[in-house]
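Trainee: Pasting target_29.txt here (compact mmCIF, C-alpha atoms):
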# COMPACT_ATOMS: atom_id res chain seq x y z
CA MET A 1 -19.28 -9.61 -13.41
CA ARG A 2 -18.34 -10.60 -9.88
CA ALA A 3 -16.96 -7.94 -7.57
CA ALA A 4 -16.12 -7.43 -3.89
CA VAL A 5 -18.30 -4.51 -2.82
CA TYR A 6 -17.73 -2.55 0.39
CA TYR A 7 -20.85 -1.42 2.28
CA GLY A 8 -19.36 -0.55 5.66
CA ASP A 9 -17.83 -1.84 8.88
CA HIS A 10 -17.26 -5.61 8.48
CA ASP A 11 -19.58 -5.63 5.48
CA VAL A 12 -17.99 -6.65 2.18
CA ARG A 13 -20.17 -8.62 -0.20
CA LEU A 14 -19.42 -10.70 -3.26
CA ALA A 15 -21.93 -9.40 -5.79
CA GLU A 16 -22.88 -9.49 -9.46
CA VAL A 17 -22.53 -6.00 -10.91
CA PRO A 18 -22.40 -4.59 -14.46
CA VAL A 19 -19.09 -4.53 -16.32
CA PRO A 20 -17.91 -0.90 -16.18
CA GLU A 21 -18.11 1.25 -19.28
CA ARG A 22 -14.80 2.38 -20.69
CA ARG A 23 -14.60 6.16 -20.79
CA GLU A 24 -12.42 8.29 -23.05
CA GLY A 25 -8.73 7.94 -22.18
CA GLU A 26 -9.34 4.69 -20.31
CA ALA A 27 -8.66 1.02 -20.97
CA LEU A 28 -10.97 -1.78 -19.96
CA ILE A 29 -8.95 -4.38 -18.08
CA LYS A 30 -9.65 -7.99 -17.22
CA VAL A 31 -8.29 -8.18 -13.67
CA LEU A 32 -5.96 -11.11 -13.09
CA ARG A 33 -4.49 -10.20 -9.68
CA SER A 34 -5.71 -7.72 -7.07
CA GLY A 35 -4.24 -6.94 -3.66
CA MET A 36 -5.38 -5.40 -0.39
CA CYS A 37 -3.53 -3.10 1.99
CA GLY A 38 -3.72 -1.60 5.45
CA THR A 39 -6.15 1.07 4.29
CA ASP A 40 -8.61 -1.60 3.19
CA ALA A 41 -8.19 -3.37 6.53
CA THR A 42 -8.81 -0.15 8.47
CA GLU A 43 -12.00 0.50 6.51
CA TRP A 44 -13.05 -3.12 7.13
CA LYS A 45 -12.37 -2.79 10.85
CA ALA A 46 -13.71 0.69 11.60
CA GLY A 47 -14.88 2.42 8.43
CA PRO A 48 -16.07 4.05 6.40
CA ILE A 49 -13.37 6.63 7.07
CA ILE A 50 -12.09 7.61 3.63
CA PHE A 51 -14.32 5.38 1.51
CA PRO A 52 -17.18 7.48 0.02
CA ILE A 53 -19.97 5.59 1.73
CA GLY A 54 -22.80 7.91 2.71
CA HIS A 55 -21.16 11.01 1.24
CA GLU A 56 -20.07 12.11 -2.21
CA HIS A 57 -16.38 12.20 -3.06
CA PRO A 58 -15.64 15.82 -4.12
CA VAL A 59 -13.71 14.87 -7.26
CA SER A 60 -15.17 11.56 -8.35
CA HIS A 61 -18.77 12.32 -7.31
CA HIS A 62 -19.03 8.74 -6.11
CA SER A 63 -21.13 7.78 -3.10
CA GLY A 64 -22.62 4.59 -1.78
CA PRO A 65 -21.27 1.02 -1.94
CA MET A 66 -17.92 0.78 -3.73
CA ILE A 67 -15.85 -1.95 -5.35
CA LEU A 68 -12.56 -2.38 -3.48
CA GLY A 69 -9.10 -2.79 -4.99
CA HIS A 70 -6.35 -0.28 -5.73
CA GLU A 71 -3.52 -2.79 -6.27
CA PHE A 72 -4.25 -4.68 -9.47
CA VAL A 73 -2.78 -6.03 -12.69
CA GLY A 74 -4.55 -7.46 -15.68
CA GLU A 75 -5.03 -7.82 -19.42
CA ILE A 76 -6.31 -5.05 -21.62
CA VAL A 77 -9.49 -6.09 -23.42
CA GLU A 78 -10.58 -2.74 -24.89
CA THR A 79 -8.90 0.58 -25.69
CA GLY A 80 -9.74 3.76 -27.53
CA ASP A 81 -8.35 5.23 -30.72
CA GLY A 82 -4.73 6.32 -30.46
CA SER A 83 -4.02 4.23 -27.38
CA ARG A 84 -0.42 3.33 -26.59
CA PHE A 85 -1.67 -0.13 -25.58
CA THR A 86 -3.20 -2.95 -27.60
CA VAL A 87 -5.72 -5.62 -26.68
CA GLY A 88 -3.92 -8.43 -24.91
CA ASP A 89 -1.25 -6.27 -23.26
CA LEU A 90 -0.55 -7.08 -19.61
CA VAL A 91 -0.42 -4.00 -17.40
CA ALA A 92 -0.05 -2.87 -13.81
CA SER A 93 -2.10 0.01 -12.48
CA GLY A 94 -0.93 2.78 -10.19
CA ALA A 95 -4.65 3.40 -9.43
CA GLY A 96 -4.01 6.98 -8.27
CA ILE A 97 -5.38 9.35 -10.90
CA SER A 98 -4.00 12.88 -11.23
CA CYS A 99 -5.13 15.66 -13.55
CA GLY A 100 -1.69 16.61 -14.87
CA THR A 101 -2.47 20.34 -14.99
CA CYS A 102 -2.78 21.62 -11.41
CA ALA A 103 0.08 23.29 -9.50
CA ARG A 104 1.13 20.12 -7.69
CA CYS A 105 1.09 18.03 -10.88
CA LEU A 106 3.25 20.63 -12.64
CA GLU A 107 5.73 20.26 -9.76
CA GLY A 108 5.85 16.52 -10.44
CA ARG A 109 4.01 15.75 -7.19
CA THR A 110 1.09 14.03 -8.84
CA ASN A 111 0.25 12.17 -5.63
CA LEU A 112 -0.80 15.56 -4.19
CA CYS A 113 -2.88 16.54 -7.22
CA LEU A 114 -5.69 18.93 -6.34
CA ASN A 115 -8.09 16.67 -8.27
CA TYR A 116 -6.62 13.35 -7.14
CA TYR A 117 -8.70 10.22 -6.74
CA THR A 118 -7.84 6.55 -6.44
CA LEU A 119 -9.57 3.55 -7.93
CA GLY A 120 -10.65 1.29 -5.07
CA LEU A 121 -10.43 4.07 -2.47
CA ASN A 122 -12.61 6.84 -3.91
CA VAL A 123 -14.28 5.14 -6.89
CA ASP A 124 -14.88 1.57 -8.01
CA GLY A 125 -11.64 -0.38 -8.17
CA GLY A 126 -10.07 -3.61 -9.28
CA MET A 127 -11.30 -6.20 -6.80
CA ALA A 128 -13.54 -7.40 -9.62
CA GLU A 129 -13.43 -9.29 -12.88
CA TYR A 130 -13.12 -6.06 -14.88
CA VAL A 131 -12.13 -2.46 -14.21
CA SER A 132 -11.83 0.61 -16.40
CA CYS A 133 -8.69 2.63 -15.65
CA PRO A 134 -7.22 5.82 -17.14
CA GLU A 135 -4.30 4.84 -19.33
CA ARG A 136 -1.99 7.40 -17.73
CA ALA A 137 -1.99 5.22 -14.58
CA LEU A 138 -0.95 2.05 -16.45
CA VAL A 139 2.48 0.56 -17.09
CA ALA A 140 3.16 -2.49 -19.27
CA LEU A 141 4.58 -5.51 -17.45
CA PRO A 142 8.20 -6.40 -18.21
CA ALA A 143 8.62 -9.52 -20.32
CA GLY A 144 8.89 -12.63 -18.19
CA LEU A 145 7.52 -11.12 -14.97
CA SER A 146 4.80 -13.34 -13.52
CA LEU A 147 1.37 -11.98 -12.65
CA ASP A 148 1.88 -13.06 -9.05
CA LEU A 149 4.96 -10.87 -8.68
CA ALA A 150 3.57 -8.01 -10.76
CA GLY A 151 0.63 -7.86 -8.35
CA LEU A 152 3.00 -6.38 -5.78
CA ALA A 153 4.08 -3.46 -7.97
CA GLN A 154 1.72 -0.81 -6.59
CA PRO A 155 2.62 -1.27 -2.90
CA LEU A 156 6.29 -1.50 -3.83
CA ALA A 157 5.90 1.81 -5.70
CA VAL A 158 4.62 3.28 -2.42
CA GLY A 159 7.73 1.98 -0.65
CA LEU A 160 9.95 3.32 -3.40
CA HIS A 161 8.38 6.77 -3.16
CA ALA A 162 8.92 6.68 0.61
CA ALA A 163 12.57 5.80 0.04
CA ARG A 164 12.95 8.80 -2.26
CA ARG A 165 11.28 11.05 0.30
CA SER A 166 13.71 9.91 2.99
CA GLY A 167 16.62 11.45 1.10
CA ALA A 168 18.89 8.54 1.99
CA ALA A 169 22.15 8.78 0.03
CA ASP A 170 25.25 6.69 -0.51
CA GLY A 171 27.15 6.17 2.72
CA ASP A 172 24.24 7.00 5.04
CA THR A 173 23.26 4.97 8.07
CA VAL A 174 19.55 4.21 7.91
CA VAL A 175 17.24 2.73 10.54
CA ILE A 176 13.84 1.31 9.57
CA ILE A 177 11.33 0.75 12.37
CA GLY A 178 8.92 -1.98 11.30
CA ALA A 179 9.58 -5.02 9.10
CA GLY A 180 6.04 -5.80 7.97
CA ALA A 181 4.97 -5.55 4.35
CA ILE A 182 5.34 -1.78 4.05
CA GLY A 183 8.64 -1.79 5.96
CA SER A 184 9.91 -4.49 3.61
CA PHE A 185 8.88 -2.47 0.55
CA VAL A 186 10.63 0.60 1.97
CA LEU A 187 13.75 -1.49 2.64
CA ALA A 188 13.72 -2.68 -0.96
CA GLY A 189 13.28 0.89 -2.15
CA VAL A 190 16.11 2.31 -0.04
CA THR A 191 18.61 -0.37 -1.02
CA SER A 192 17.71 0.05 -4.70
CA LEU A 193 18.41 3.80 -4.60
CA ALA A 194 21.61 4.06 -2.54
CA GLN A 195 24.48 2.17 -0.97
CA VAL A 196 23.50 2.45 2.68
CA ASP A 197 23.97 0.73 6.01
CA VAL A 198 20.48 -0.38 7.07
CA THR A 199 19.34 -1.48 10.53
CA VAL A 200 15.80 -2.88 10.78
CA ILE A 201 13.90 -3.02 14.08
CA ASP A 202 10.94 -5.29 14.79
CA PHE A 203 9.93 -8.02 17.19
CA GLU A 204 12.15 -11.06 17.07
CA GLY A 205 10.98 -13.65 14.58
CA PRO A 206 10.30 -14.28 10.88
CA ARG A 207 9.98 -10.61 9.93
CA LEU A 208 13.54 -9.87 10.98
CA ASP A 209 14.81 -13.03 9.29
CA ARG A 210 13.14 -11.81 6.09
CA ALA A 211 14.67 -8.33 6.45
CA LEU A 212 18.15 -9.87 6.45
CA ARG A 213 17.37 -11.84 3.32
CA LEU A 214 16.09 -8.65 1.68
CA GLY A 215 19.31 -6.76 2.24
CA ALA A 216 19.32 -5.31 5.76
CA THR A 217 22.84 -4.90 7.12
CA ARG A 218 21.62 -6.01 10.52
CA VAL A 219 18.42 -6.44 12.51
CA VAL A 220 17.58 -5.50 16.08
CA ALA A 221 14.83 -7.01 18.20
CA ALA A 222 12.32 -4.48 19.52
CA GLY A 223 12.35 -4.00 23.27
CA PRO A 224 14.00 -2.02 26.05
CA ASP A 225 17.50 -2.72 24.72
CA ALA A 226 16.76 -1.80 21.10
CA ARG A 227 18.05 1.79 21.28
CA ALA A 228 21.35 0.78 22.84
CA SER A 229 21.81 -1.97 20.24
CA VAL A 230 21.11 0.42 17.35
CA LEU A 231 23.45 3.13 18.64
CA ASP A 232 26.14 0.54 19.28
CA ALA A 233 25.91 -0.38 15.59
CA VAL A 234 25.54 3.04 13.94
CA GLY A 235 27.46 5.15 16.46
CA LEU A 236 26.38 7.13 19.50
CA ARG A 237 25.67 10.20 17.40
CA GLY A 238 22.69 8.36 15.85
CA ALA A 239 21.59 7.40 12.35
CA ASP A 240 21.52 9.79 9.41
CA VAL A 241 17.99 8.71 8.46
CA VAL A 242 15.31 6.96 10.53
CA ILE A 243 12.19 5.67 8.79
CA GLU A 244 9.19 4.89 10.98
CA ALA A 245 7.19 2.27 9.07
CA SER A 246 5.23 0.58 11.84
CA GLY A 247 2.59 3.13 12.82
CA ALA A 248 2.78 1.78 16.36
CA PRO A 249 2.21 4.14 19.30
CA GLY A 250 5.27 6.02 20.50
CA GLN A 251 7.46 5.13 17.55
CA LEU A 252 7.99 8.68 16.29
CA ASN A 253 9.58 9.54 19.63
CA HIS A 254 11.60 6.34 19.32
CA ALA A 255 12.79 7.56 15.94
CA ILE A 256 13.80 10.91 17.49
CA SER A 257 15.93 9.03 20.01
CA LEU A 258 17.75 7.17 17.22
CA VAL A 259 18.49 9.96 14.72
CA ARG A 260 21.59 12.17 14.81
CA ASN A 261 21.53 15.93 15.31
CA GLY A 262 20.52 17.46 11.98
CA GLY A 263 19.33 14.09 10.69
CA THR A 264 16.08 13.17 8.96
CA ILE A 265 13.06 11.21 10.12
CA LEU A 266 10.53 9.91 7.60
CA GLN A 267 7.11 9.05 9.00
CA VAL A 268 5.48 6.31 6.95
CA GLY A 269 3.22 4.50 9.43
CA LEU A 270 -0.15 5.91 10.46
CA PRO A 271 -0.91 5.51 14.19
CA SER A 272 -4.53 4.74 15.02
CA SER A 273 -4.69 7.55 17.60
CA GLU A 274 -3.16 10.97 18.25
CA GLN A 275 0.44 10.81 19.49
CA SER A 276 2.51 13.11 21.70
CA VAL A 277 5.81 14.17 20.12
CA ASP A 278 8.97 15.54 21.72
CA ILE A 279 8.97 18.90 19.94
CA HIS A 280 11.76 20.20 22.18
CA ALA A 281 14.16 17.55 20.88
CA LEU A 282 13.12 18.16 17.28
CA VAL A 283 13.82 21.89 17.55
CA MET A 284 16.93 21.86 19.71
CA ARG A 285 18.56 19.16 17.59
CA GLU A 286 17.34 20.62 14.28
CA ILE A 287 15.86 17.32 13.13
CA THR A 288 14.02 17.27 9.81
CA VAL A 289 10.70 15.39 9.82
CA ARG A 290 9.24 14.33 6.48
CA THR A 291 6.14 12.41 5.53
CA THR A 292 5.17 10.36 2.51
CA LEU A 293 1.92 9.59 0.72
CA ALA A 294 1.15 7.01 -1.95
CA HIS A 295 3.50 7.21 -4.95
CA VAL A 296 4.21 9.15 -8.13
CA CYS A 297 3.03 6.79 -10.84
CA GLY A 298 5.32 8.04 -13.60
CA GLU A 299 8.36 7.90 -11.35
CA ASP A 300 7.79 4.84 -9.17
CA LEU A 301 5.58 2.21 -10.82
CA GLY A 302 7.92 1.23 -13.65
CA PRO A 303 10.99 0.97 -11.39
CA ALA A 304 8.93 -1.09 -8.94
CA LEU A 305 8.23 -3.61 -11.69
CA ASP A 306 11.94 -3.68 -12.52
CA ILE A 307 12.84 -4.38 -8.88
CA LEU A 308 10.34 -7.25 -8.78
CA SER A 309 11.89 -8.65 -11.96
CA ALA A 310 15.45 -8.48 -10.64
CA THR A 311 15.16 -9.46 -6.96
CA ASN A 312 13.67 -12.07 -4.65
CA LEU A 313 11.35 -9.53 -3.00
CA GLY A 314 8.14 -10.95 -4.45
CA PRO A 315 8.58 -14.57 -3.34
CA GLU A 316 9.63 -13.35 0.12
CA LEU A 317 6.45 -11.32 0.63
CA LEU A 318 3.72 -13.13 -1.30
CA GLU A 319 1.79 -15.62 0.83
CA GLY A 320 -0.54 -16.82 -1.89
CA VAL A 321 -3.24 -16.14 -4.48
CA LEU A 322 -6.85 -16.70 -3.44
CA PRO A 323 -10.36 -16.35 -4.88
CA LEU A 324 -12.40 -13.21 -4.12
CA ALA A 325 -14.57 -15.37 -1.88
CA ASP A 326 -11.75 -15.41 0.69
CA LEU A 327 -11.43 -11.63 0.94
CA ALA A 328 -13.30 -11.08 4.21
CA GLY A 329 -11.20 -13.60 6.10
CA GLN A 330 -7.98 -12.07 4.79
CA LEU A 331 -9.13 -8.53 5.64
CA GLU A 332 -9.74 -9.75 9.19
CA ARG A 333 -6.24 -11.28 9.32
CA LEU A 334 -4.70 -8.03 8.14
CA ALA A 335 -6.80 -5.87 10.47
CA THR A 336 -5.79 -7.97 13.50
CA GLY A 337 -2.08 -8.09 12.68
CA LYS A 338 -2.03 -11.76 11.68
CA LEU A 339 -0.78 -11.21 8.13
CA ASP A 340 2.93 -10.42 7.75
CA GLY A 341 3.18 -10.54 3.97
CA LYS A 342 0.89 -9.95 1.01
CA VAL A 343 -2.09 -11.91 -0.27
CA LEU A 344 -3.40 -11.46 -3.81
CA PHE A 345 -6.81 -12.34 -5.23
CA ASP A 346 -7.63 -13.75 -8.65
CA PRO A 347 -11.18 -12.80 -9.66
CA THR A 348 -11.19 -15.59 -12.23
CA LEU A 349 -10.96 -18.26 -9.50
CA ARG A 350 -14.32 -19.78 -8.59
CA ALA A 351 -13.47 -21.84 -5.49
CA ALA A 352 -15.56 -21.41 -2.32
CA GLU A 353 -17.73 -18.63 -3.71
CA HIS A 354 -20.08 -18.80 -0.76
CA SER A 355 -17.43 -18.15 1.95
CA LEU A 356 -17.26 -14.35 1.58
CA ALA A 357 -21.02 -13.94 1.84
CA ASN A 358 -21.15 -16.30 4.81
CA ALA A 359 -18.28 -14.57 6.60
CA THR A 360 -19.81 -11.16 5.96
CA THR A 361 -23.24 -12.22 7.18
CA THR A 362 -21.87 -13.90 10.28
CA THR A 363 -19.53 -11.07 11.20
CA THR A 364 -22.12 -8.37 10.54
CA THR A 365 -24.69 -10.25 12.62
CA ASN A 366 -22.23 -10.67 15.50
CA GLU A 367 -21.35 -6.97 15.37
CA GLN A 368 -25.05 -6.03 15.53
CA ASN A 369 -25.62 -8.38 18.46
CA GLU A 370 -22.69 -6.86 20.35
CA ARG A 371 -24.11 -3.40 19.82
Let me see the structure of the file written as structure tokens.
Mentor:
Amino acid sequence: MRAAVYYGDHDVRLAEVPVPERREGEALIKVLRSGMCGTDATEWKAGPIIFPIGHEHPVSHHSGPMILGHEFVGEIVETGDGSRFTVGDLVASGAGISCGTCARCLEGRTNLCLNYYTLGLNVDGGMAEYVSCPERALVALPAGLSLDLAGLAQPLAVGLHAARRSGAADGDTVVIIGAGAIGSFVLAGVTSLAQVDVTVIDFEGPRLDRALRLGATRVVAAGPDARASVLDAVGLRGADVVIEASGAPGQLNHAISLVRNGGTILQVGLPSSEQSVDIHALVMREITVRTTLAHVCGEDLGPALDILSATNLGPELLEGVLPLADLAGQLERLATGKLDGKVLFDPTLRAAEHSLANATTTTTTNEQNER
């Protein structure tokens, strides 16, 4: 089968590899849509960081080149005895695999499982024609939901989990910093869970226009006047909840300046370098700071599919569906901030098969020359 295999910094190759064997408790899936995210772009730009290249993953015992892809949907082609699925079922994968028996799993926090691993991040994933996935990470697609929209379910589940972690409740004022893909998924999650007043901050342009269409009460252009504009809208005391979804430098302190005394900040974005934080303000104003990681498959993936079925979120965010051969170019777009929405890949498409190999060879050669 064809697969997009990660070898290292700017080195992803389209390769022929064996179809994976289905293990007990797993389903073999023909992948029909597979997405990429900021983690993939970071590994493309400066990895391996979390990908198990050159070292063995402690749970999965995987090392060496790895098939990308932790956001995928497809058709079940093989199951085991007693499966809750049948051949031909269309499913979305949460990709994060938890053991179900450790202390964190018993608390319902399966995303913090002591034995957690993720397809496409720690072991071979779904940026391929076939993938074998534990059935406990699969959810059947709702009737009538297109594959293109279903392909956004996993990242939306991440946004939905973040919204739950924020604690936003009916009547709250909420500020979201960042209106990119993850900020948009968080916005969709927050507005699906509670009746809230939402202000979204980003640079003036299409992202803010999209945020309004997705349910933001108002938008504010980033810049020196942003704080005054936000406080004018939500009140000088500040917002009840501020969600930092950009990962840009200095934005946690920006969030501190926007939240009310005793309010909550949720940090979603991951800055690329260490950041200084105004601890004095956090303590003296008794601000709660929370973080969020991935999603809880059993709690978030199904509702994410329902949101995609009932709203216009998918068409607003999806830029297109491309062959695997275009992956390198799209990773570069994402890594350099030139991709505002989501791109999906269809491993069954055969167009321009040579472009990924050419882009990889050219980029890798240029990187070596620069070094």
Trainee: Counting only C-alpha atoms, which residues in segment 168-228 of chain A sit no more than 12 Å from segment 32-40 of chain A? For each one, give the nearest pair of atoms and the distance in Å, sorted by chain then residue number, as CSV.
Mentor:
residue,atom,partner,partner_atom,distance
A:Gly180,CA,A:Gly38,CA,10.9
A:Ala181,CA,A:Cys37,CA,9.2
A:Ile182,CA,A:Gly38,CA,9.2
Trainee: Show which residues sit within 7 Å of Met1 of chain A, as a list in words. Count all atoms listed in the file, and ignore same-chain residues fewer than 3 positions away.
Mentor: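 Close residues of Met1 of chain A: Glu16, Val17, Pro18, Val19 and Glu129 of chain A.
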Trainee: Which residue, A:Arg207, A:Arg285, A:Arg350, A:Arg260, has the smallest gap to Leu317 of chain A when you use only C-alpha atoms?
Mentor: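 Among the listed residues, A:Arg207 lies closest to Leu317 of chain A.
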Trainee: Neighbourhood query: residues within 7 Å of (7.4, -2.3, -15.4), file coordinates, counting all atoms listed in the file; return as a list in words.
Mentor: Val139, Ala140, Leu141, Pro142, Leu301, Gly302, Pro303, Ala304, Leu305 and Asp306 of chain A
Trainee: Segment 246-254 of chain A: which residues within 12 Å, counting only C-alpha atoms, same-chain residues fewer than 5 positions away excluded, as a VMD selection string?
Mentor: chain A and resid 38 175 to 184 186 200 to 203 222 to 224 226 to 228 230 238 259 264 to 282 287 289 to 291 337 340
Trainee: Please compute the atom CA of Glu78 of chain A-atom CA of Ala27 of chain A distance, one decimal, in Å.
Mentor: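 Answer for the atom CA of Glu78 of chain A to atom CA of Ala27 of chain A separation: 5.8 Å.
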Trainee: Using all atoms listed in the file, which residue out of A:Leu193, A:Ala41, A:Ile67, A:Leu293 lies closest to Leu324 of chain A?
Mentor: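 The shortest atom-to-atom distance to Leu324 of chain A comes from A:Ile67.
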Trainee: So which residues touch Gly8 of chain A within 6 Å, counting all atoms listed in the file, skipping near sequence neighbours fewer than 2 positions away, as a PyMOL selection string?
Mentor: chain A and resi 6+11+48
Trainee: Leaving out Pro52 of chain A and any residue of its chain fewer than 6 positions from it, which residues lie within 8 Å of it when counting only C-alpha atoms, given as a list in words?
Mentor: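 Once the nearby chain positions are removed, what remains is His62, Ser63, Gly64, Pro65, Met66, Leu121, Asn122 and Val123 of chain A.
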Trainee: May I ask which of the residues A:Cys102, A:Leu349, A:Ala255, A:Leu28 is the closest one to Gly74 of chain A, counting all atoms listed in the file?
Mentor: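 Under the stated criterion, the closest residue is A:Leu28.
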Trainee: Could you please fill out segment 255-263 of chain A with all heavy atoms and send it back as a PDB file, in the frame of the given file?
Mentor:
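Saved the output as part.pdb:
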ATOM      1  N   ALA A 255      11.970   7.132  17.064  1.00  0.00           N
ATOM      2  CA  ALA A 255      12.790   7.560  15.940  1.00  0.00           C
ATOM      3  C   ALA A 255      13.639   8.782  16.305  1.00  0.00           C
ATOM      4  O   ALA A 255      14.813   8.870  15.935  1.00  0.00           O
ATOM      5  CB  ALA A 255      11.899   7.882  14.739  1.00  0.00           C
ATOM      6  N   ILE A 256      13.059   9.717  17.057  1.00  0.00           N
ATOM      7  CA  ILE A 256      13.800  10.910  17.490  1.00  0.00           C
ATOM      8  C   ILE A 256      15.010  10.500  18.325  1.00  0.00           C
ATOM      9  O   ILE A 256      16.096  11.086  18.217  1.00  0.00           O
ATOM     10  CB  ILE A 256      12.872  11.848  18.284  1.00  0.00           C
ATOM     11  CG1 ILE A 256      11.810  12.440  17.354  1.00  0.00           C
ATOM     12  CG2 ILE A 256      13.672  12.961  18.957  1.00  0.00           C
ATOM     13  CD1 ILE A 256      10.718  13.208  18.089  1.00  0.00           C
ATOM     14  N   SER A 257      14.836   9.475  19.133  1.00  0.00           N
ATOM     15  CA  SER A 257      15.930   9.030  20.010  1.00  0.00           C
ATOM     16  C   SER A 257      17.044   8.324  19.237  1.00  0.00           C
ATOM     17  O   SER A 257      18.145   8.136  19.766  1.00  0.00           O
ATOM     18  CB  SER A 257      15.397   8.103  21.107  1.00  0.00           C
ATOM     19  OG  SER A 257      15.126   6.799  20.605  1.00  0.00           O
ATOM     20  N   LEU A 258      16.779   7.942  17.998  1.00  0.00           N
ATOM     21  CA  LEU A 258      17.750   7.170  17.220  1.00  0.00           C
ATOM     22  C   LEU A 258      18.466   8.001  16.154  1.00  0.00           C
ATOM     23  O   LEU A 258      19.493   7.582  15.631  1.00  0.00           O
ATOM     24  CB  LEU A 258      17.054   5.997  16.522  1.00  0.00           C
ATOM     25  CG  LEU A 258      16.432   4.933  17.432  1.00  0.00           C
ATOM     26  CD1 LEU A 258      15.656   3.925  16.604  1.00  0.00           C
ATOM     27  CD2 LEU A 258      17.498   4.230  18.257  1.00  0.00           C
ATOM     28  N   VAL A 259      17.923   9.184  15.811  1.00  0.00           N
ATOM     29  CA  VAL A 259      18.490   9.960  14.720  1.00  0.00           C
ATOM     30  C   VAL A 259      19.555  10.929  15.238  1.00  0.00           C
ATOM     31  O   VAL A 259      19.497  11.393  16.383  1.00  0.00           O
ATOM     32  CB  VAL A 259      17.372  10.724  13.966  1.00  0.00           C
ATOM     33  CG1 VAL A 259      16.853  11.902  14.783  1.00  0.00           C
ATOM     34  CG2 VAL A 259      17.826  11.161  12.589  1.00  0.00           C
ATOM     35  N   ARG A 260      20.533  11.244  14.418  1.00  0.00           N
ATOM     36  CA  ARG A 260      21.590  12.170  14.810  1.00  0.00           C
ATOM     37  C   ARG A 260      21.087  13.604  14.788  1.00  0.00           C
ATOM     38  O   ARG A 260      20.045  13.905  14.178  1.00  0.00           O
ATOM     39  CB  ARG A 260      22.784  12.030  13.861  1.00  0.00           C
ATOM     40  CG  ARG A 260      22.492  12.465  12.421  1.00  0.00           C
ATOM     41  CD  ARG A 260      23.777  12.572  11.622  1.00  0.00           C
ATOM     42  NE  ARG A 260      23.546  12.803  10.206  1.00  0.00           N
ATOM     43  CZ  ARG A 260      23.290  13.991   9.663  1.00  0.00           C
ATOM     44  NH1 ARG A 260      23.181  15.068  10.427  1.00  0.00           N
ATOM     45  NH2 ARG A 260      23.113  14.110   8.350  1.00  0.00           N
ATOM     46  N   ASN A 261      21.820  14.507  15.422  1.00  0.00           N
ATOM     47  CA  ASN A 261      21.530  15.930  15.310  1.00  0.00           C
ATOM     48  C   ASN A 261      21.576  16.333  13.830  1.00  0.00           C
ATOM     49  O   ASN A 261      22.532  15.998  13.116  1.00  0.00           O
ATOM     50  CB  ASN A 261      22.546  16.768  16.087  1.00  0.00           C
ATOM     51  CG  ASN A 261      22.427  16.584  17.578  1.00  0.00           C
ATOM     52  OD1 ASN A 261      21.481  15.960  18.063  1.00  0.00           O
ATOM     53  ND2 ASN A 261      23.390  17.114  18.327  1.00  0.00           N
ATOM     54  N   GLY A 262      20.566  17.043  13.373  1.00  0.00           N
ATOM     55  CA  GLY A 262      20.520  17.460  11.980  1.00  0.00           C
ATOM     56  C   GLY A 262      20.116  16.358  11.021  1.00  0.00           C
ATOM     57  O   GLY A 262      20.143  16.566   9.800  1.00  0.00           O
ATOM     58  N   GLY A 263      19.735  15.206  11.542  1.00  0.00           N
ATOM     59  CA  GLY A 263      19.330  14.090  10.690  1.00  0.00           C
ATOM     60  C   GLY A 263      17.885  14.207  10.238  1.00  0.00           C
ATOM     61  O   GLY A 263      17.197  15.205  10.490  1.00  0.00           O
TER      62      GLY A 263
END
